[in-house]
Amino acid sequence: MSAVREAYLQAATSVATLVGDPAVAEAWAKPSALAGFTVAGLAGHLAAQVVNVPRVLRAPAPDGPPVALAEHYGRVRWIGADLDADVNVQIRLGGEAVAAGGPRALVEQTGLAVSELRALLAEEHADRLVSPPAGPWAMRLDDFLVTRLMEITVHSDDLAYSVGVPTPDQPPTVFGPVLALLGELAVRRHGQAAVIRALSRAERAPDSITAF
(Lines give C-alpha, C1' and ligand atoms only; values in the text may rest on other atoms or scores of the structure.)
Protein backbone atom coordinates (compact mmCIF):
# COMPACT_ATOMS: atom_id res chain seq x y z
CA MET A 1 0.00 0.00 0.00
CA SER A 2 1.32 3.46 -0.89
CA ALA A 3 2.46 5.97 1.72
CA VAL A 4 -0.48 8.24 0.87
CA ARG A 5 -2.96 5.44 1.47
CA GLU A 6 -1.34 4.56 4.79
CA ALA A 7 -1.43 8.24 5.78
CA TYR A 8 -5.08 8.50 4.79
CA LEU A 9 -5.99 5.53 7.00
CA GLN A 10 -4.21 7.22 9.92
CA ALA A 11 -6.15 10.42 9.30
CA ALA A 12 -9.42 8.54 8.91
CA THR A 13 -8.84 6.83 12.26
CA SER A 14 -8.32 10.23 13.87
CA VAL A 15 -11.71 11.32 12.52
CA ALA A 16 -13.42 8.43 14.30
CA THR A 17 -11.70 9.45 17.53
CA LEU A 18 -12.59 13.13 17.26
CA VAL A 19 -16.27 12.70 16.35
CA GLY A 20 -16.50 10.32 19.31
CA ASP A 21 -15.29 12.93 21.79
CA PRO A 22 -18.04 13.55 24.38
CA ALA A 23 -17.72 17.30 23.76
CA VAL A 24 -19.03 16.78 20.22
CA ALA A 25 -22.17 15.02 21.44
CA GLU A 26 -22.73 17.68 24.11
CA ALA A 27 -22.63 20.49 21.53
CA TRP A 28 -24.41 18.53 18.79
CA ALA A 29 -27.26 20.97 18.07
CA LYS A 30 -25.27 24.17 18.63
CA PRO A 31 -23.77 26.40 15.92
CA SER A 32 -20.19 25.50 15.02
CA ALA A 33 -17.30 27.87 14.41
CA LEU A 34 -17.79 27.33 10.67
CA ALA A 35 -20.43 29.67 9.28
CA GLY A 36 -23.70 27.93 8.43
CA PHE A 37 -22.80 24.61 10.05
CA THR A 38 -24.16 23.19 13.26
CA VAL A 39 -21.74 21.05 15.23
CA ALA A 40 -23.69 18.01 14.00
CA GLY A 41 -23.41 19.11 10.37
CA LEU A 42 -19.72 19.87 10.71
CA ALA A 43 -19.09 16.49 12.38
CA GLY A 44 -21.03 14.86 9.54
CA HIS A 45 -19.05 16.74 6.92
CA LEU A 46 -15.79 15.67 8.56
CA ALA A 47 -16.94 12.06 8.80
CA ALA A 48 -18.03 12.20 5.15
CA GLN A 49 -14.35 12.38 4.19
CA VAL A 50 -14.22 8.78 5.41
CA VAL A 51 -17.68 7.28 5.01
CA ASN A 52 -18.11 8.43 1.40
CA VAL A 53 -14.80 7.06 0.15
CA PRO A 54 -15.92 3.41 -0.14
CA ARG A 55 -18.66 4.60 -2.50
CA VAL A 56 -16.07 6.42 -4.62
CA LEU A 57 -13.97 3.26 -4.80
CA ARG A 58 -16.92 1.07 -5.78
CA ALA A 59 -17.92 3.32 -8.67
CA PRO A 60 -16.60 2.37 -12.12
CA ALA A 61 -13.21 3.84 -12.90
CA PRO A 62 -13.68 6.92 -15.10
CA ASP A 63 -12.02 7.49 -18.43
CA GLY A 64 -8.84 9.57 -18.25
CA PRO A 65 -6.80 11.53 -18.58
CA PRO A 66 -6.59 12.32 -14.85
CA VAL A 67 -6.38 15.91 -13.67
CA ALA A 68 -3.60 16.97 -11.31
CA LEU A 69 -4.26 18.26 -7.81
CA ALA A 70 -3.87 21.91 -8.74
CA GLU A 71 -6.20 21.52 -11.72
CA HIS A 72 -8.76 19.79 -9.52
CA TYR A 73 -8.87 22.86 -7.27
CA GLY A 74 -9.11 25.06 -10.34
CA ARG A 75 -12.34 23.26 -11.28
CA VAL A 76 -14.22 22.84 -7.99
CA ARG A 77 -17.20 25.17 -7.66
CA TRP A 78 -17.01 25.86 -3.92
CA ILE A 79 -13.80 27.90 -4.01
CA GLY A 80 -14.82 31.55 -3.98
CA ALA A 81 -18.53 30.74 -3.81
CA ASP A 82 -20.80 32.70 -1.46
CA LEU A 83 -21.95 31.06 1.76
CA ASP A 84 -25.46 30.70 0.37
CA ALA A 85 -24.42 29.52 -3.08
CA ASP A 86 -26.05 26.25 -4.07
CA VAL A 87 -22.80 24.31 -3.90
CA ASN A 88 -22.19 25.39 -0.29
CA VAL A 89 -25.80 24.79 0.71
CA GLN A 90 -25.50 21.26 -0.67
CA ILE A 91 -22.27 20.70 1.26
CA ARG A 92 -23.96 21.71 4.51
CA LEU A 93 -27.02 19.59 3.81
CA GLY A 94 -24.75 16.66 3.04
CA GLY A 95 -23.04 17.01 6.40
CA GLU A 96 -26.37 17.11 8.20
CA ALA A 97 -27.52 14.01 6.31
CA VAL A 98 -24.44 12.01 7.28
CA ALA A 99 -24.99 13.02 10.93
CA ALA A 100 -28.76 12.44 10.92
CA GLY A 101 -28.56 9.30 13.06
CA GLY A 102 -26.97 11.14 15.96
CA PRO A 103 -23.48 11.18 17.48
CA ARG A 104 -23.27 7.52 18.46
CA ALA A 105 -24.38 6.34 15.02
CA LEU A 106 -21.87 8.68 13.37
CA VAL A 107 -19.02 7.23 15.39
CA GLU A 108 -20.06 3.69 14.50
CA GLN A 109 -20.49 4.57 10.82
CA THR A 110 -17.05 6.17 10.69
CA GLY A 111 -15.34 3.28 12.44
CA LEU A 112 -16.94 0.75 10.10
CA ALA A 113 -15.82 2.78 7.08
CA VAL A 114 -12.22 2.86 8.36
CA SER A 115 -12.22 -0.93 8.70
CA GLU A 116 -13.70 -1.33 5.24
CA LEU A 117 -11.17 1.07 3.70
CA ARG A 118 -8.23 -0.87 5.11
CA ALA A 119 -9.23 -3.76 2.86
CA LEU A 120 -10.40 -1.72 -0.12
CA LEU A 121 -7.30 0.48 -0.39
CA ALA A 122 -4.96 -2.50 -0.12
CA GLU A 123 -6.64 -4.06 -3.16
CA GLU A 124 -6.48 -1.04 -5.48
CA HIS A 125 -3.71 -0.91 -8.06
CA ALA A 126 -1.24 1.97 -8.12
CA ASP A 127 -2.72 3.79 -11.12
CA ARG A 128 -6.41 3.47 -10.17
CA LEU A 129 -8.52 6.41 -11.32
CA VAL A 130 -11.56 7.68 -9.43
CA SER A 131 -14.22 10.35 -9.94
CA PRO A 132 -14.17 12.83 -7.03
CA PRO A 133 -17.57 13.94 -5.71
CA ALA A 134 -16.80 17.45 -6.99
CA GLY A 135 -16.32 16.05 -10.55
CA PRO A 136 -17.09 14.89 -13.17
CA TRP A 137 -13.43 14.32 -13.98
CA ALA A 138 -10.82 11.69 -13.31
CA MET A 139 -8.15 11.78 -10.62
CA ARG A 140 -5.51 9.32 -9.52
CA LEU A 141 -6.66 7.64 -6.34
CA ASP A 142 -3.66 8.82 -4.32
CA ASP A 143 -4.22 12.43 -5.45
CA PHE A 144 -7.86 12.15 -4.44
CA LEU A 145 -6.81 10.87 -1.02
CA VAL A 146 -4.57 13.92 -0.60
CA THR A 147 -7.70 16.06 -1.04
CA ARG A 148 -9.31 14.01 1.75
CA LEU A 149 -6.22 14.51 3.95
CA MET A 150 -6.63 18.24 3.53
CA GLU A 151 -10.35 18.13 4.30
CA ILE A 152 -9.75 15.99 7.39
CA THR A 153 -6.95 18.18 8.71
CA VAL A 154 -8.77 21.48 8.18
CA HIS A 155 -12.19 20.35 9.40
CA SER A 156 -10.73 18.52 12.40
CA ASP A 157 -9.49 21.92 13.52
CA ASP A 158 -12.90 23.46 12.80
CA LEU A 159 -14.69 20.80 14.85
CA ALA A 160 -12.21 20.75 17.73
CA TYR A 161 -12.31 24.54 18.01
CA SER A 162 -16.11 24.49 17.87
CA VAL A 163 -16.42 22.20 20.89
CA GLY A 164 -13.45 23.47 22.90
CA VAL A 165 -11.08 20.52 22.66
CA PRO A 166 -7.47 20.51 21.40
CA THR A 167 -7.04 20.17 17.67
CA PRO A 168 -5.54 16.72 17.05
CA ASP A 169 -1.97 16.81 15.78
CA GLN A 170 -1.48 14.78 12.63
CA PRO A 171 1.72 12.81 11.98
CA PRO A 172 4.18 14.17 9.41
CA THR A 173 2.98 11.64 6.85
CA VAL A 174 -0.45 13.30 6.98
CA PHE A 175 0.48 16.91 7.65
CA GLY A 176 3.28 17.06 5.09
CA PRO A 177 1.09 16.51 2.00
CA VAL A 178 -1.56 18.86 3.42
CA LEU A 179 0.97 21.62 4.04
CA ALA A 180 2.38 21.19 0.53
CA LEU A 181 -1.09 21.35 -1.02
CA LEU A 182 -2.20 24.40 0.96
CA GLY A 183 1.11 26.10 0.21
CA GLU A 184 0.73 25.47 -3.51
CA LEU A 185 -2.82 26.81 -3.51
CA ALA A 186 -1.84 29.86 -1.43
CA VAL A 187 0.99 30.67 -3.85
CA ARG A 188 -1.36 30.30 -6.80
CA ARG A 189 -3.80 32.73 -5.19
CA HIS A 190 -1.43 35.29 -3.63
CA GLY A 191 1.99 34.79 -5.25
CA GLN A 192 5.28 33.58 -3.84
CA ALA A 193 6.30 36.85 -2.19
CA ALA A 194 3.11 37.05 -0.12
CA VAL A 195 3.54 33.50 1.18
CA ILE A 196 7.23 33.95 1.95
CA ARG A 197 6.53 37.16 3.86
CA ALA A 198 3.66 35.65 5.81
CA LEU A 199 5.91 32.80 6.95
CA SER A 200 9.11 34.73 7.59
CA ARG A 201 8.62 38.52 7.57
CA ALA A 202 5.70 39.57 9.75
CA GLU A 203 6.54 43.27 9.35
CA ARG A 204 5.62 43.20 5.66
CA ALA A 205 3.29 40.22 5.52
CA PRO A 206 -0.10 40.51 3.81
CA ASP A 207 -3.26 40.34 5.88
CA SER A 208 -4.07 36.89 4.56
CA ILE A 209 -2.55 34.05 2.57
CA THR A 210 -5.54 31.72 2.77
CA ALA A 211 -5.49 29.01 0.14
CA PHE A 212 -9.21 29.33 -0.68
# chains A, B, ... in the order shown; residues from 1 in each chain; ligands from 1
>>> residues_around(residues="Leu185 (chain A)", least_positions_apart="4", cutoff="10 Å", atoms="only C-alpha atoms", output="VMD selection string")
chain A and resid 69 to 70 73 to 74 179 to 181 189 to 191 209 to 212
>>> residues_around(residues="Val165 (chain A)", least_positions_apart="5", cutoff="9 Å", atoms="only C-alpha atoms", output="number ranges by chain")
A: 21, 23, 159-160
>>> residues_around(residues="Gln90 (chain A)", least_positions_apart="6", cutoff="12 Å", atoms="only C-alpha atoms", output="NGL selection string")
:A and (36-37 or 41 or 45 or 77-78 or 83-84 or 96-97 or 133-134)
>>> select_by_dssp(residues="region 89-211 of chain A", states="helix (DSSP H, G or I)", output="PyMOL selection string")
chain A and resi 89-98+103-123+141-163+172-190+192-200+202-204
>>> select_by_dssp(residues="region 4-194 of chain A", states="strand (DSSP E or B)", output="PyMOL selection string")
chain A and resi 31+38+129-130+139-140
>>> write_last_selection(atoms="N, CA and C atoms", output="PDB file, in the first residue's frame")
ATOM      1  N   PRO A  31     -24.525  25.914  17.077  1.00  0.00           N
ATOM      2  CA  PRO A  31     -23.766  26.396  15.920  1.00  0.00           C
ATOM      3  C   PRO A  31     -22.288  26.054  16.087  1.00  0.00           C
ATOM      4  N   THR A  38     -24.056  23.599  11.870  1.00  0.00           N
ATOM      5  CA  THR A  38     -24.162  23.186  13.260  1.00  0.00           C
ATOM      6  C   THR A  38     -22.978  22.283  13.578  1.00  0.00           C
ATOM      7  N   LEU A 129      -7.881   5.120 -11.163  1.00  0.00           N
ATOM      8  CA  LEU A 129      -8.522   6.410 -11.323  1.00  0.00           C
ATOM      9  C   LEU A 129      -9.880   6.397 -10.629  1.00  0.00           C
ATOM     10  N   VAL A 130     -10.260   7.542 -10.068  1.00  0.00           N
ATOM     11  CA  VAL A 130     -11.564   7.682  -9.428  1.00  0.00           C
ATOM     12  C   VAL A 130     -12.196   8.997  -9.890  1.00  0.00           C
ATOM     13  N   MET A 139      -9.343  11.510 -11.410  1.00  0.00           N
ATOM     14  CA  MET A 139      -8.150  11.778 -10.617  1.00  0.00           C
ATOM     15  C   MET A 139      -7.487  10.452 -10.275  1.00  0.00           C
ATOM     16  N   ARG A 140      -6.183  10.482 -10.083  1.00  0.00           N
ATOM     17  CA  ARG A 140      -5.513   9.322  -9.517  1.00  0.00           C
ATOM     18  C   ARG A 140      -5.972   9.152  -8.073  1.00  0.00           C
TER      19      ARG A 140
END
>>> residues_around(residues="Ala43 (chain A)", least_positions_apart="2", cutoff="10 Å", atoms="only C-alpha atoms", output="list in words")
Val15, Leu18, Val19, Gly20, Val24, Ala25, Trp28, Ser32, Phe37, Thr38, Val39, Ala40, Gly41, His45, Leu46, Ala47, Ala48, Gly95, Glu96, Val98, Ala99, Pro103, Leu106, Val107, His155, Ser156, Asp158, Leu159 and Ala160 of chain A
>>> residues_around(residues="Ala119 (chain A)", least_positions_apart="5", cutoff="12 Å", atoms="only C-alpha atoms", output="PyMOL selection string")
chain A and resi 1+5-6+9+54+57+112-114+124
>>> closest_residue(among="A:Gly183, A:Pro166, A:Pro65, A:Pro177", to="Met150 (chain A)", atoms="only C-alpha atoms")
A:Pro177
>>> closest_residue(among="A:Val154, A:Trp137, A:Leu199, A:Ala81", to="Pro168 (chain A)", atoms="only C-alpha atoms")
A:Val154
>>> atom_distance(atom1="CA of Ala59 (chain A)", atom2="CA of Pro132 (chain A)")
10.4 Å
